[in-house]
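Participant: The following block contains the structure, expressed as structure tokens.
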Amino acid sequence: MAEQAAPAAVLAMRAVSKTFGGVQALRDVSFAVRAGEVHCLAGENGSGKSTLIKIATGVYSADAGAEIDIAGRHVTAPTPGLARRLGVSVIWQDLALFPEMTVAENIAFEALLGARPRLASQRQLRETAERALGRLGVTLDLTAPLRSLPIAKRQIVAIARALVGETKLIFMDEPTASLTRNETDHLLQIVRNLSASGVAVVFVSHRLAEVLEIAEAVTVLRDGGLVGVFPAEGMTQSRLTELMTGQTFDSAVSARDRGTAPAVLELRGLTRSGEYQDIDLTIRAGETVGITGLIGAGRTELGHTLFGMNRPGRGEIRLHGKPVSFRSNKDAIRAGIAYVSEDRLSLGLIQPQSIADNLALPVLDRLLSLGLISPRRKTALVDGWIRDLAVKIGKPEDPVSTLSGGNQQRIVLAKWLATEPRLLILDAPTVGVDVGARAGIFAIIRRLAEQGLAILLISDEAPEVHFNADRVLHMAGGRIVEEFDPRETSLAALELAVYA
Ligand SMILES: Nc1ncnc2c1ncn2[C@@H]1O[C@H](COP(=O)(O)OP(=O)(O)O)[C@@H](O)[C@H]1O
Ligand SMILES: [Mg+2]
């Protein structure tokens, strides 16, 4: 057998297979992580990433024949306790924290459970928690109950807990799925710091730009099999997508010239100190303008301003030729602007509520009849959009949480389109949407543009803007630094400009 693990491997897994009943979740997979490395585990939904993590951390046992070494020690089948003692920790998607316990207890409790004296003193808890947070460069109120913290802070608590003890490797399974861009930025910095201090991090994420920004190596899984291990350097998003899906990327550029259509949105010298500067931009009816750039380039902040969520310090916004100033997003919605944010999972949809209720929410006033919601109008609206956007659902009364990421995103789009906007702002519209389902979302977006909608497409996935926008603006450090015509510039050139 080929020996893949370098001498300094903290984790080396070989010949790992796993079957659940009739489903083969993993087939003869090898996976190795070096000390202090940031390693990305990439693959579409269902490709086996979480199963591999669960085997490495002792939650599942692999089928016979697997070989696992942790920190140079051969362990046939690690238990969660043994994996942890050998320095392998994991942060689960749901974080697995205790909401009623304090920050300090959540971080240190587990580690001190086995300690003597059996009942850890408050001082010990506090000191252990402080040390772990200190390694992350974060201060939190140690006595606050966990439930009082926002999700990003809870995640930091989970990372701190994972650091307690002689941790050599931390698995993070989709840690940025429900974070905003700023929070993601902070998390990526923490991952870099961990790596610099010698702790290896295995990172699972759907955001390919983020993956390529942070990882040194990428292991790609497809349908439970290993596609390969690749250096992140020189890897592009389009190549990674091909490796994950096994399909060659549809390379049809959709860019068209909309030079004569009336301007819907015009920005002149728009500036918000510390976020974006001197933004000049025109979007015409039927035009899709893409903005890409690295995390922290100021794109999302610009989108927030256009949707009335923060005010520019300087400069002008014109809609259909008239200057506008929004005090809130209500003003923006009234002016015909819709905004689909990257925070679909926390802001765009109310997960426990029904598909129908989520869809009808922004247009309730139009469904009123004699002061009550007309069930007939509501059904007509909901059925119409579900048919129009080909959303795959069971019943409109099902909770929206029962839908896949791609279908949830269609509901978000439908919800906003029901407001009949003239300008649609899309910020990271495919975050959490399977690579395979993204094409369907973009087919809808293209159709909307054909119907005359002006679209601002913000994305850190260069291929998304390259293939779907008429013009691509590269934003860096709060400024638009370059404009690309996708018909004249290759995707590779765009990726080089943005990521190099
Ligand atoms: N506990 C389980 N029981 C049955 N099937 C499972 C179980 N866990 C995962 N699977 C199946 O194994 C495959 C891989 O799943 P998973 O490892 O969760 O993928 P990923 O994390 O890459 O999305 C999927 O087909 C999934 O349905
Ligand atoms: Mg998973």
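So you can find residues: chains in the structure tokens are A, B, ... in the order shown, residues in each start at 1, and ligands are numbered from 1 in order.
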Give the residue list for ligand 1 at 12 Å, counting only C-alpha atoms and all ligand atoms, as a short mmCIF file (atom, residue, chain, number, x, y, z; two decimals) with N, CA and C atoms, in the first residue's frame, sorted by chain and then by residue number.
Facilitator:
```
data_model
loop_
_atom_site.label_atom_id
_atom_site.label_comp_id
_atom_site.auth_asym_id
_atom_site.auth_seq_id
_atom_site.Cartn_x
_atom_site.Cartn_y
_atom_site.Cartn_z
N SER A 17 -13.61 2.46 5.09
CA SER A 17 -14.91 2.27 4.44
C SER A 17 -15.97 2.29 5.52
N LYS A 18 -17.18 2.67 5.12
CA LYS A 18 -18.28 2.66 6.08
C LYS A 18 -19.60 2.46 5.35
N THR A 19 -20.33 1.45 5.76
CA THR A 19 -21.66 1.23 5.19
C THR A 19 -22.72 1.40 6.26
N PHE A 20 -23.80 2.09 5.88
CA PHE A 20 -24.98 2.21 6.73
C PHE A 20 -26.08 1.44 6.02
N GLY A 21 -26.43 0.27 6.52
CA GLY A 21 -27.44 -0.51 5.81
C GLY A 21 -26.99 -0.69 4.37
N GLY A 22 -27.76 -0.20 3.43
CA GLY A 22 -27.39 -0.36 2.02
C GLY A 22 -26.52 0.77 1.49
N VAL A 23 -26.32 1.83 2.29
CA VAL A 23 -25.61 3.00 1.78
C VAL A 23 -24.12 2.90 2.07
N GLN A 24 -23.31 2.98 1.04
CA GLN A 24 -21.87 3.03 1.27
C GLN A 24 -21.46 4.50 1.39
N ALA A 25 -21.26 4.95 2.63
CA ALA A 25 -20.95 6.36 2.87
C ALA A 25 -19.49 6.65 2.55
N LEU A 26 -18.59 5.68 2.77
CA LEU A 26 -17.17 5.85 2.47
C LEU A 26 -16.64 4.56 1.84
N ARG A 27 -15.76 4.74 0.87
CA ARG A 27 -15.21 3.59 0.15
C ARG A 27 -13.69 3.73 0.08
N LEU A 41 -11.51 19.68 3.95
CA LEU A 41 -12.18 18.48 3.47
C LEU A 41 -13.34 18.97 2.61
N ALA A 42 -13.27 18.72 1.31
CA ALA A 42 -14.27 19.27 0.39
C ALA A 42 -15.06 18.16 -0.26
N GLY A 43 -16.29 18.46 -0.59
CA GLY A 43 -17.15 17.48 -1.28
C GLY A 43 -18.57 17.97 -1.21
N GLU A 44 -19.39 17.51 -2.14
CA GLU A 44 -20.79 17.91 -2.14
C GLU A 44 -21.50 17.30 -0.94
N ASN A 45 -22.73 17.76 -0.69
CA ASN A 45 -23.53 17.15 0.38
C ASN A 45 -23.64 15.66 0.14
N GLY A 46 -23.45 14.90 1.21
CA GLY A 46 -23.60 13.45 1.10
C GLY A 46 -22.36 12.74 0.59
N SER A 47 -21.24 13.47 0.41
CA SER A 47 -20.05 12.82 -0.14
C SER A 47 -19.28 12.04 0.93
N GLY A 48 -19.63 12.24 2.21
CA GLY A 48 -19.00 11.43 3.25
C GLY A 48 -18.11 12.19 4.22
N LYS A 49 -18.08 13.52 4.14
CA LYS A 49 -17.19 14.32 4.97
C LYS A 49 -17.46 14.10 6.46
N SER A 50 -18.73 14.28 6.85
CA SER A 50 -19.05 14.16 8.28
C SER A 50 -18.81 12.73 8.77
N THR A 51 -19.07 11.76 7.92
CA THR A 51 -18.84 10.36 8.33
C THR A 51 -17.35 10.13 8.61
N LEU A 52 -16.50 10.68 7.75
CA LEU A 52 -15.05 10.54 7.95
C LEU A 52 -14.64 11.18 9.27
N ILE A 53 -15.19 12.35 9.56
CA ILE A 53 -14.87 13.04 10.81
C ILE A 53 -15.34 12.20 12.01
N LYS A 54 -16.53 11.62 11.87
CA LYS A 54 -17.06 10.83 12.98
C LYS A 54 -16.23 9.58 13.22
N ILE A 55 -15.66 9.03 12.18
CA ILE A 55 -14.81 7.86 12.37
C ILE A 55 -13.49 8.27 13.03
N VAL A 59 -16.87 8.50 16.93
CA VAL A 59 -18.33 8.47 17.05
C VAL A 59 -18.88 7.24 16.33
N TYR A 60 -18.35 6.96 15.13
CA TYR A 60 -18.68 5.74 14.40
C TYR A 60 -17.43 4.88 14.33
N SER A 61 -17.61 3.57 14.21
CA SER A 61 -16.44 2.76 13.89
C SER A 61 -16.50 2.41 12.41
N TRP A 92 -18.85 20.29 16.43
CA TRP A 92 -19.97 19.82 15.62
C TRP A 92 -20.74 20.99 15.07
N GLN A 93 -21.49 20.72 14.01
CA GLN A 93 -22.30 21.76 13.38
C GLN A 93 -23.25 22.41 14.39
N MET A 172 -13.48 21.07 12.21
CA MET A 172 -14.59 22.04 12.21
C MET A 172 -15.49 21.69 11.04
N ASP A 173 -16.68 21.19 11.37
CA ASP A 173 -17.60 20.74 10.32
C ASP A 173 -18.55 21.88 9.94
N GLU A 174 -18.32 22.50 8.81
CA GLU A 174 -19.12 23.63 8.31
C GLU A 174 -19.29 24.73 9.35
N PHE A 203 -11.03 21.66 8.11
CA PHE A 203 -12.08 22.63 7.91
C PHE A 203 -13.01 22.13 6.81
N VAL A 204 -14.31 22.07 7.09
CA VAL A 204 -15.28 21.71 6.06
C VAL A 204 -16.10 22.94 5.74
N SER A 205 -16.20 23.30 4.46
CA SER A 205 -16.98 24.47 4.11
C SER A 205 -17.48 24.37 2.68
N HIS A 206 -18.63 25.01 2.43
CA HIS A 206 -19.16 25.07 1.08
C HIS A 206 -18.65 26.28 0.33
N THR A 219 -8.47 17.90 0.57
CA THR A 219 -8.83 16.53 0.23
C THR A 219 -10.25 16.55 -0.32
N VAL A 220 -10.44 16.00 -1.50
CA VAL A 220 -11.76 16.04 -2.15
C VAL A 220 -12.40 14.65 -2.12
N LEU A 221 -13.63 14.60 -1.62
CA LEU A 221 -14.41 13.37 -1.65
C LEU A 221 -15.54 13.52 -2.66
N ARG A 222 -15.88 12.42 -3.30
CA ARG A 222 -17.07 12.41 -4.17
C ARG A 222 -17.75 11.06 -4.03
N ASP A 223 -19.04 11.07 -3.70
CA ASP A 223 -19.80 9.82 -3.54
C ASP A 223 -19.09 8.81 -2.64
N GLY A 224 -18.51 9.28 -1.56
CA GLY A 224 -17.88 8.37 -0.61
C GLY A 224 -16.49 7.89 -1.01
N GLY A 225 -16.02 8.31 -2.18
CA GLY A 225 -14.68 7.90 -2.62
C GLY A 225 -13.71 9.07 -2.58
N LEU A 226 -12.42 8.75 -2.51
CA LEU A 226 -11.41 9.80 -2.50
C LEU A 226 -11.09 10.20 -3.93
N MET A 244 -15.19 18.19 -7.29
CA MET A 244 -16.25 17.79 -6.36
C MET A 244 -17.43 17.16 -7.09
N GLY A 432 -24.40 27.63 1.07
CA GLY A 432 -25.23 26.57 1.62
C GLY A 432 -26.07 25.86 0.57
N VAL A 433 -25.89 26.22 -0.70
CA VAL A 433 -26.61 25.54 -1.77
C VAL A 433 -25.63 24.59 -2.45
N ASP A 434 -26.03 23.35 -2.61
CA ASP A 434 -25.18 22.35 -3.22
C ASP A 434 -24.68 22.79 -4.59
#
```
Participant: Contacts of Ser197 of chain A at 9 Å or less, counting only C-alpha atoms, minus same-chain residues fewer than 4 places along, as a list in words?
Facilitator: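 Result of the neighbour search: Gly36, Arg135, Arg192 and Asn193 of chain A.
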Participant: Just N, CA and C atoms for this one: save the residues we selected as a PDB file, in the first residue's frame.
Facilitator:
```pdb
ATOM      1  N   GLY A  36      -0.073  21.162  12.671  1.00  0.00           N
ATOM      2  CA  GLY A  36      -0.181  22.595  12.436  1.00  0.00           C
ATOM      3  C   GLY A  36      -0.753  23.000  11.091  1.00  0.00           C
ATOM      4  N   ARG A 135      -5.681  31.768  24.471  1.00  0.00           N
ATOM      5  CA  ARG A 135      -4.986  31.239  23.287  1.00  0.00           C
ATOM      6  C   ARG A 135      -5.664  31.706  22.005  1.00  0.00           C
ATOM      7  N   ARG A 192      -6.174  30.624  11.597  1.00  0.00           N
ATOM      8  CA  ARG A 192      -4.768  30.905  11.256  1.00  0.00           C
ATOM      9  C   ARG A 192      -3.898  30.913  12.512  1.00  0.00           C
ATOM     10  N   ASN A 193      -4.410  31.554  13.573  1.00  0.00           N
ATOM     11  CA  ASN A 193      -3.636  31.616  14.816  1.00  0.00           C
ATOM     12  C   ASN A 193      -3.416  30.223  15.391  1.00  0.00           C
TER      13      ASN A 193
END
```
Participant: As a PyMOL selection string, please: every residue in segment 285-407 of chain A that a backbone DSSP assignment puts in alpha helix (DSSP H).
Facilitator: chain A and resi 299-306+329-334+355-360+364-367+375-388+405-407
Participant: For the structure I just gave you, how does DSSP split segment 44-224 of chain A - specifically, which residues are strand (DSSP E or B)? Reply as a PyMOL selection string.
Facilitator: chain A and resi 67-70+73-74+88-91+102+145+169-173+200-204+217-222
Participant: Write the selection just made, keeping C-alpha atoms, as a PDB file, in the first residue's frame?
Facilitator:
```
ATOM      1  CA  GLU A  67      -6.146   1.650   9.788  1.00  0.00           C
ATOM      2  CA  ILE A  68      -5.999   4.765  11.896  1.00  0.00           C
ATOM      3  CA  ASP A  69      -2.962   6.439  13.462  1.00  0.00           C
ATOM      4  CA  ILE A  70      -3.388   9.375  15.804  1.00  0.00           C
ATOM      5  CA  ARG A  73      -0.067   5.781  17.699  1.00  0.00           C
ATOM      6  CA  HIS A  74      -1.913   3.008  15.956  1.00  0.00           C
ATOM      7  CA  VAL A  88      -8.171  15.168  18.444  1.00  0.00           C
ATOM      8  CA  SER A  89     -11.160  17.441  19.059  1.00  0.00           C
ATOM      9  CA  VAL A  90     -14.208  18.258  17.024  1.00  0.00           C
ATOM     10  CA  ILE A  91     -16.648  21.137  16.785  1.00  0.00           C
ATOM     11  CA  THR A 102     -21.985  29.495  31.902  1.00  0.00           C
ATOM     12  CA  PRO A 145     -25.001  31.860  30.537  1.00  0.00           C
ATOM     13  CA  LEU A 169      -6.046  18.664  15.791  1.00  0.00           C
ATOM     14  CA  ILE A 170      -9.478  20.285  15.636  1.00  0.00           C
ATOM     15  CA  PHE A 171     -12.144  19.259  13.137  1.00  0.00           C
ATOM     16  CA  MET A 172     -14.587  22.038  12.210  1.00  0.00           C
ATOM     17  CA  ASP A 173     -17.596  20.740  10.317  1.00  0.00           C
ATOM     18  CA  ALA A 200      -3.872  21.442  12.931  1.00  0.00           C
ATOM     19  CA  VAL A 201      -7.364  22.359  11.746  1.00  0.00           C
ATOM     20  CA  VAL A 202      -9.511  20.315   9.379  1.00  0.00           C
ATOM     21  CA  PHE A 203     -12.084  22.633   7.911  1.00  0.00           C
ATOM     22  CA  VAL A 204     -15.281  21.706   6.057  1.00  0.00           C
ATOM     23  CA  ALA A 217      -4.193  21.300   1.236  1.00  0.00           C
ATOM     24  CA  VAL A 218      -7.582  20.096   0.075  1.00  0.00           C
ATOM     25  CA  THR A 219      -8.834  16.527   0.233  1.00  0.00           C
ATOM     26  CA  VAL A 220     -11.760  16.040  -2.145  1.00  0.00           C
ATOM     27  CA  LEU A 221     -14.413  13.365  -1.646  1.00  0.00           C
ATOM     28  CA  ARG A 222     -17.071  12.410  -4.166  1.00  0.00           C
TER      29      ARG A 222
END
```
Participant: So which residues touch segment 267-279 of chain A within 6 Å, counting only C-alpha atoms, skipping near sequence neighbours fewer than 6 positions away, as a PyMOL selection string?
Facilitator: chain A and resi 298+312-317+478-479
Participant: Rank A:Glu130, A:Asp141, A:Glu397, A:Asp470 by their smallest atom-to-atom distance to Ala108 of chain A, using only C-alpha atoms, and report the top residue only.
Facilitator: A:Glu130
Participant: Could you pull the residues within 7 Å of Thr282 of chain A, counting only C-alpha atoms, minus those fewer than 4 positions along the same chain, as a list in words?
Facilitator: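 Listing them by chain and then by number gives Ala263, Leu265, Glu266 and Leu267 of chain A.
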Participant: Any chance you could export the current selection's N, CA and C atoms as a PDB file, in the first residue's frame?
Facilitator:
```
ATOM      1  N   ALA A 263     -30.945  53.573 -16.895  1.00  0.00           N
ATOM      2  CA  ALA A 263     -30.243  53.267 -15.649  1.00  0.00           C
ATOM      3  C   ALA A 263     -31.263  53.101 -14.527  1.00  0.00           C
ATOM      4  N   LEU A 265     -30.065  51.999 -11.198  1.00  0.00           N
ATOM      5  CA  LEU A 265     -29.302  52.443 -10.023  1.00  0.00           C
ATOM      6  C   LEU A 265     -28.045  53.172 -10.471  1.00  0.00           C
ATOM      7  N   GLU A 266     -27.798  54.332  -9.861  1.00  0.00           N
ATOM      8  CA  GLU A 266     -26.543  55.035 -10.119  1.00  0.00           C
ATOM      9  C   GLU A 266     -25.918  55.443  -8.790  1.00  0.00           C
ATOM     10  N   LEU A 267     -24.658  55.108  -8.626  1.00  0.00           N
ATOM     11  CA  LEU A 267     -23.929  55.509  -7.419  1.00  0.00           C
ATOM     12  C   LEU A 267     -22.813  56.447  -7.852  1.00  0.00           C
TER      13      LEU A 267
END
```
Participant: From the options A:Pro323, A:Gly228, A:Pro421, A:Pro175, which residue's atoms come nearest to ligand 2, counting only C-alpha atoms and all ligand atoms?
Facilitator: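 Looking only at the distances to ligand 2, the closest residue turns out to be A:Pro175.
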Participant: For a quick check of understanding, using only C-alpha atoms and all ligand atoms, which of A:Ser30, A:Ala177, A:Gly452, A:Ile190 has the smallest distance to ligand 2?
Facilitator: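 Closest to ligand 2 of all the choices is A:Ala177.
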Participant: For Leu453 of chain A, which residue among A:Arg284, A:Arg84, A:Arg471, A:Arg147 is the nearest when counting only C-alpha atoms?
Facilitator: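 Nearest candidate to Leu453 of chain A out of A:Arg284, A:Arg84, A:Arg471, A:Arg147: A:Arg284.
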Participant: Please list as a list in words every residue within 12 Å of Val138 of chain A, counting only C-alpha atoms and excluding residues in the same chain fewer than 4 positions away.
Facilitator: Ala129, Glu130, Arg131, Ala132, Leu133, Gly134, Leu142, Lys153, Gln155, Ile156, Val157, Ile159, Ala160, His186, Leu187, Gln189, Ile190 and Asn193 of chain A
Participant: If you keep N, CA and C atoms, can you produce a file of those selected residues as a short mmCIF file (atom, residue, chain, number, x, y, z; two decimals), in the first residue's frame?
Facilitator:
```
data_model
loop_
_atom_site.label_atom_id
_atom_site.label_comp_id
_atom_site.auth_asym_id
_atom_site.auth_seq_id
_atom_site.Cartn_x
_atom_site.Cartn_y
_atom_site.Cartn_z
N ALA A 129 -10.83 28.02 31.57
CA ALA A 129 -11.55 28.70 30.49
C ALA A 129 -10.77 29.92 30.02
N GLU A 130 -10.21 30.67 30.98
CA GLU A 130 -9.45 31.87 30.63
C GLU A 130 -8.24 31.52 29.77
N ARG A 131 -7.56 30.43 30.15
CA ARG A 131 -6.38 30.02 29.39
C ARG A 131 -6.76 29.68 27.95
N ALA A 132 -7.84 28.94 27.80
CA ALA A 132 -8.26 28.53 26.45
C ALA A 132 -8.67 29.74 25.61
N LEU A 133 -9.45 30.66 26.21
CA LEU A 133 -9.86 31.85 25.47
C LEU A 133 -8.64 32.73 25.15
N GLY A 134 -7.69 32.76 26.10
CA GLY A 134 -6.48 33.55 25.90
C GLY A 134 -5.72 33.08 24.67
N LEU A 142 -17.07 35.27 31.48
CA LEU A 142 -17.05 33.84 31.80
C LEU A 142 -18.29 33.39 32.57
N LYS A 153 -20.26 33.82 18.94
CA LYS A 153 -19.56 33.73 20.22
C LYS A 153 -19.66 32.31 20.78
N GLN A 155 -19.71 29.73 19.07
CA GLN A 155 -18.75 28.93 18.35
C GLN A 155 -17.35 29.09 18.93
N ILE A 156 -17.05 30.32 19.35
CA ILE A 156 -15.74 30.55 19.97
C ILE A 156 -15.64 29.74 21.26
N VAL A 157 -16.75 29.68 22.00
CA VAL A 157 -16.77 28.85 23.20
C VAL A 157 -16.48 27.39 22.84
N ILE A 159 -14.82 26.30 20.29
CA ILE A 159 -13.40 26.16 19.90
C ILE A 159 -12.53 26.15 21.15
N ALA A 160 -12.84 27.05 22.08
CA ALA A 160 -12.07 27.10 23.33
C ALA A 160 -12.17 25.76 24.05
N HIS A 186 -13.37 36.75 11.36
CA HIS A 186 -12.79 36.57 12.68
C HIS A 186 -12.46 35.09 12.89
N LEU A 187 -13.36 34.22 12.49
CA LEU A 187 -13.12 32.79 12.67
C LEU A 187 -11.90 32.34 11.86
N GLN A 189 -9.39 34.09 11.07
CA GLN A 189 -8.19 34.58 11.76
C GLN A 189 -7.84 33.65 12.93
N ILE A 190 -8.85 33.21 13.64
CA ILE A 190 -8.61 32.29 14.75
C ILE A 190 -8.00 30.98 14.25
N ASN A 193 -4.41 31.55 13.57
CA ASN A 193 -3.64 31.62 14.82
C ASN A 193 -3.42 30.22 15.39
#
```
Participant: Have a look at A:Leu364, A:Gln409, A:Val211, A:Asp94 and name the one nearest to ligand 2; count only C-alpha atoms and all ligand atoms.
Facilitator: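 So, comparing all the options, the nearest one is A:Asp94.
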Participant: So, counting only C-alpha atoms, which residue among A:Val289, A:Val412, A:Leu212, A:Met101 is closest to Tyr339 of chain A?
Facilitator: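 Closest to Tyr339 of chain A of all the choices is A:Val412.
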Participant: Excluding Ala35 of chain A and its own-chain neighbours fewer than 4 positions away, which residues fall within 12 Å of it when counting only C-alpha atoms? Please give them as a list in words.
Facilitator: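 The residues that qualify are Ala5, Ala6, Pro7, Ala8, Ala9, Val10, Leu11, Ala12, His39, Ile70, Ala71, Gly72, Gly87, Val88, Thr167, Lys168, Leu169, Ile170, Leu194, Ser195, Ala196, Ser197, Gly198, Val199, Ala200, Val201, Val202 and Glu216 of chain A.
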